[in-house]
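First comes the structure, then the notes that go with it.
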Amino acid sequence: MVIGANWNGARAFTATSGPGISLMSEFLGLAYFAEVPVVLVNIQRGGPSTGMPTRTQQSDITACAYASHGDTKHVLLFPSNPSEAFNFAMESFDLAERLQTPIILMSDLDLGMNEWTTSPLTIDESKDWDRGKVLDAEELDNVEKFGRYLDVDSDGIPYRTYPGTHPEKGAFLPGTSHNEYAGYTEDGSVNVRVMERLLKNSIPQRHSFLSQFWSVDPIITMGLVYFGTTDIAIPETMNLLKSRGIQLDTMRIRAFPFCEDVVNFINDHEQVFLVEQNRDGQMRSLLITECEIDPAKIVPILNYDGFPITATCIADMVSNLLGKQMSGADAGNFAAE
């Protein structure tokens with residue numbers, strides 16, 4: 001229904017959790033390949049299967065990043081508090097229509113079900129919403145032959161129309177391999193051309209959700225990377241680590257695909273700790289795969305007991321890991337209290 005509504009020009013979204021992502025994967029592939037704007041909010045919970053339905057995790061990252069069969073890559077946004085969830089959700093509709101692709105807002109049960117204190121949520125009524133590249137009837141009259149998937153501007157994003165805009169031109173919703181004019185094809189070279197153009201839609205520079213640096217000190221050689229609701233525990237974590245003589249630069253990931261800031265931050269440090277609330281280090285896997293980073297450089301800090309991760313938990317794991325790396329008397333300075 002969401003795909004149909006957006007294809008017809010309405011702004012529509014749906015919300016789900018991990019099991020729903022599994023069920024929706026085929027249709028996410030349709031929206032990706034047919035280039036239909038879609039907004040999906042994922043309130044991540046414990047898994048797999050029924051898992052812990054009332055507990056929180058950050059365990060749908062890889063499932064959402066590559067949802068559907070075949071080669072797909074979706075834009076993910078990671079809000080850290082109710083205000084960001086509200087603002088990111090509004091921005092998601094602009095991004096979906098601008099890029100003509102699914103946008104997945106990655107919330108979790110900590111944010112979606114617990115009580116939070118937040119500043120008033122406001123909407124700028126004067127905001128000019130970005131509907132993307134949509135041709136009207138007059139513009140279609142001036143087009144000799146409408147190509148739904150023609151890269152006219154060489155930016156990877158074609159022009160679209162709403163159904164019924166013109167009696168002879170526009171629309172199309174192909175889920176099979178197609179050429180620039182939405183005609184079915186099994187020509188391999190054409191399919192390669194279309195698939196490579198689709199990659200441009202996920203270039204991070206196209207949206208404003210860059211990573212957020214909290215502190216960068218050229219003297220500090222190690223960093224701490226985190227995302228989502230883990231953000232709330234980070235200030236206390238840094239105070240605990242500082243009291244133990246440990247100093248780290250910090251960075252929060254706000255979106256996938258990753259922007260250059262993420263790669264630069266990791267490359268500028270000898271070692272980084274990556275905090276995640278899942279068992280398998282899913283964000284770490286994305287960084288290693290997408291950014292071609294040496295796995296040894298990213299040390300996982302994992303928590304998946306269903307409860308929001310605490311500052312003490314993060315600080316103790318970092319301290320213990322550093323303590324194991326040290327030797328002799330120096331090790332005591334990094335041991336967890």
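Each chain in the structure tokens gets a letter, A, B, ..., in the order shown, and its residues are numbered from 1; ligands are numbered from 1 in order too.
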What's the 8 Å shell around Thr230 of chain A, counting only C-alpha atoms, without same-chain residues fewer than 6 positions away, as number ranges by chain? A: 80, 275-276, 308-309
If you take only C-alpha atoms and a cut-off of 6 Å, which residues of segment 143-243 of chain A touch segment 27-35 of chain A, and what are their nearest atom pairs and distances in Å to one decimal, in chain and number order, as a tab-separated table?
residue	atom	partner	partner_atom	distance
A:Leu173	CA	A:Ala34	CA	5.7
A:Pro174	CA	A:Ala34	CA	5.6
A:Gly175	CA	A:Leu30	CA	5.6
So that I have them on file, write out the residues from the current selection with C-alpha atoms, as a short mmCIF file (atom, residue, chain, number, x, y, z; two decimals), in the first residue's frame.
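Written out: selection_35.cif:
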data_model
loop_
_atom_site.label_atom_id
_atom_site.label_comp_id
_atom_site.auth_asym_id
_atom_site.auth_seq_id
_atom_site.Cartn_x
_atom_site.Cartn_y
_atom_site.Cartn_z
CA LEU A 173 6.37 0.60 -12.39
CA PRO A 174 8.55 -2.26 -13.70
CA GLY A 175 9.82 -4.83 -11.23
#
**Request:** List the neighbours of Ser49 of chain A out to 10 Å using only C-alpha atoms; skip same-chain residues closer than 5 positions along the sequence, and give me the result as a PyMOL selection string.
**Result:** chain A and resi 18-19+22
Pull N, CA and C atoms from the residues just selected and write them as a compact mmCIF listing (two decimals), in the first residue's frame.
# COMPACT_ATOMS: atom_id res chain seq x y z
N GLY A 18 11.84 -5.93 13.38
CA GLY A 18 12.63 -6.89 12.61
C GLY A 18 11.83 -7.91 11.81
N PRO A 19 10.84 -8.60 12.43
CA PRO A 19 10.07 -9.58 11.66
C PRO A 19 9.36 -8.96 10.45
N SER A 22 11.72 -8.60 7.54
CA SER A 22 11.86 -9.86 6.81
C SER A 22 10.72 -10.05 5.81
So that I can see what lies close to Phe78 of chain A, please list as a compact mmCIF listing (two decimals) with N, CA, C and O atoms, in the first residue's frame the residues with an atom at most 7 Å from it, counting only C-alpha atoms and leaving out residues fewer than 5 positions away in the same chain.
# COMPACT_ATOMS: atom_id res chain seq x y z
N LEU A 105 14.29 4.49 8.58
CA LEU A 105 14.64 5.16 9.85
C LEU A 105 14.84 4.08 10.90
O LEU A 105 13.90 3.36 11.26
N MET A 106 16.07 3.98 11.42
CA MET A 106 16.44 2.88 12.31
C MET A 106 16.31 3.30 13.77
O MET A 106 17.27 3.73 14.41
N SER A 107 15.12 3.18 14.30
CA SER A 107 14.89 3.43 15.72
C SER A 107 15.10 2.11 16.48
O SER A 107 15.59 1.13 15.92
N PHE A 227 26.38 4.86 17.58
CA PHE A 227 25.24 5.31 16.77
C PHE A 227 23.95 5.08 17.54
O PHE A 227 23.89 4.30 18.49
N GLY A 228 22.89 5.77 17.11
CA GLY A 228 21.57 5.56 17.69
C GLY A 228 21.49 5.93 19.15
O GLY A 228 22.19 6.83 19.64
N ARG A 254 25.53 8.67 11.79
CA ARG A 254 24.13 9.07 11.67
C ARG A 254 23.44 8.48 10.46
O ARG A 254 22.21 8.54 10.36
N ALA A 255 24.20 7.93 9.51
CA ALA A 255 23.57 7.44 8.28
C ALA A 255 24.43 6.39 7.60
O ALA A 255 25.65 6.33 7.79
Report task. Can you check which residues of segment 196-309 of chain A DSSP gives as helix (DSSP H, G or I) on the backbone and send them as a ChimeraX atom specification? Result -> /A:196-200,204-206,228-243,260-267,282-291,295-297
Next item on the list: Give the strand (DSSP E or B) residues of segment 30-277 of chain A, as assigned by DSSP on the backbone, as JSON, numbers by chain.
Entry: {"A": [38, 39, 40, 41, 42, 43, 44, 45, 56, 75, 76, 77, 102, 103, 104, 105, 106, 107, 108, 134, 160, 178, 184, 212, 213, 214, 215, 222, 223, 224, 225, 226, 227, 249, 250, 251, 252, 253, 255, 256, 271, 272, 273, 274, 275, 276]}
For Glu91 of chain A, the closest of A:Trp129, A:Val2, A:Asp108, A:Asp60 counting only C-alpha atoms is A:Trp129
Residues near Ala89 of chain A, anyone? I mean within 10 Å using only C-alpha atoms, not counting same-chain ones fewer than 4 positions away, as a PyMOL selection string. chain A and resi 13+39-41+77+79+83-85+93-95+103-105
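In this comparison, which uses only C-alpha atoms, the residue of A:Ser68, A:Asn114, A:Thr185, A:Ser25 approaching Thr229 of chain A most closely is A:Asn114.
Considering only C-alpha atoms, the residue among A:Ile288, A:Ile157, A:Met317, A:Ile298 positioned nearest to Arg197 of chain A is A:Ile157.
Interatomic distance, atom CA of Gly47 of chain A against atom CA of Val299 of chain A: 23.2 Å.
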Pairwise distance, atom CA of Met24 of chain A with atom CA of Gly4 of chain A, equals 14.1 Å
Please report, as CSV, each residue of segment 132-226 of chain A lying at most 10 Å from segment 232-246 of chain A, together with the nearest pair of atoms and the separation in Å rounded to one decimal; use only C-alpha atoms, and order rows by chain and ascending residue number.
residue,atom,partner,partner_atom,distance
A:Trp214,CA,A:Pro235,CA,9.7
A:Ile220,CA,A:Ile246,CA,9.8
A:Met222,CA,A:Ile246,CA,9.5
A:Leu224,CA,A:Ile234,CA,9.3
A:Val225,CA,A:Ile234,CA,9.9
A:Tyr226,CA,A:Ile234,CA,8.5
Written file, previous selection with N, CA, C and O atoms, as a short mmCIF file (atom, residue, chain, number, x, y, z; two decimals), in the first residue's frame:
data_model
loop_
_atom_site.label_atom_id
_atom_site.label_comp_id
_atom_site.auth_asym_id
_atom_site.auth_seq_id
_atom_site.Cartn_x
_atom_site.Cartn_y
_atom_site.Cartn_z
N TRP A 214 32.26 14.56 18.20
CA TRP A 214 32.18 15.19 19.52
C TRP A 214 33.52 15.80 19.90
O TRP A 214 33.58 16.90 20.39
N ILE A 220 45.45 12.30 20.52
CA ILE A 220 44.78 11.06 20.88
C ILE A 220 44.84 10.08 19.71
O ILE A 220 44.51 10.42 18.58
N MET A 222 43.37 6.85 19.77
CA MET A 222 42.27 5.89 19.74
C MET A 222 40.93 6.62 19.70
O MET A 222 40.81 7.75 20.17
N LEU A 224 36.33 6.24 19.70
CA LEU A 224 35.12 5.51 20.06
C LEU A 224 34.03 5.90 19.06
O LEU A 224 33.72 7.08 18.90
N VAL A 225 33.46 4.91 18.38
CA VAL A 225 32.42 5.14 17.38
C VAL A 225 31.12 4.52 17.90
O VAL A 225 31.13 3.40 18.44
N TYR A 226 30.01 5.19 17.69
CA TYR A 226 28.73 4.71 18.19
C TYR A 226 27.62 5.26 17.30
O TYR A 226 27.85 6.06 16.40
#
Excluding segment 256-269 of chain A and any residue of its chain fewer than 4 positions from it, enumerate the residues within 6 Å of it, using only C-alpha atoms, and give them as a PyMOL selection string.
chain A and resi 75-76+204+221-222
- Could you tell me which of A:Val143, A:Val38, A:Ala65, A:Ala315 comes closest to Gln247 of chain A if we count only C-alpha atoms?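 Smallest separation from Gln247 of chain A among the options: A:Ala315.
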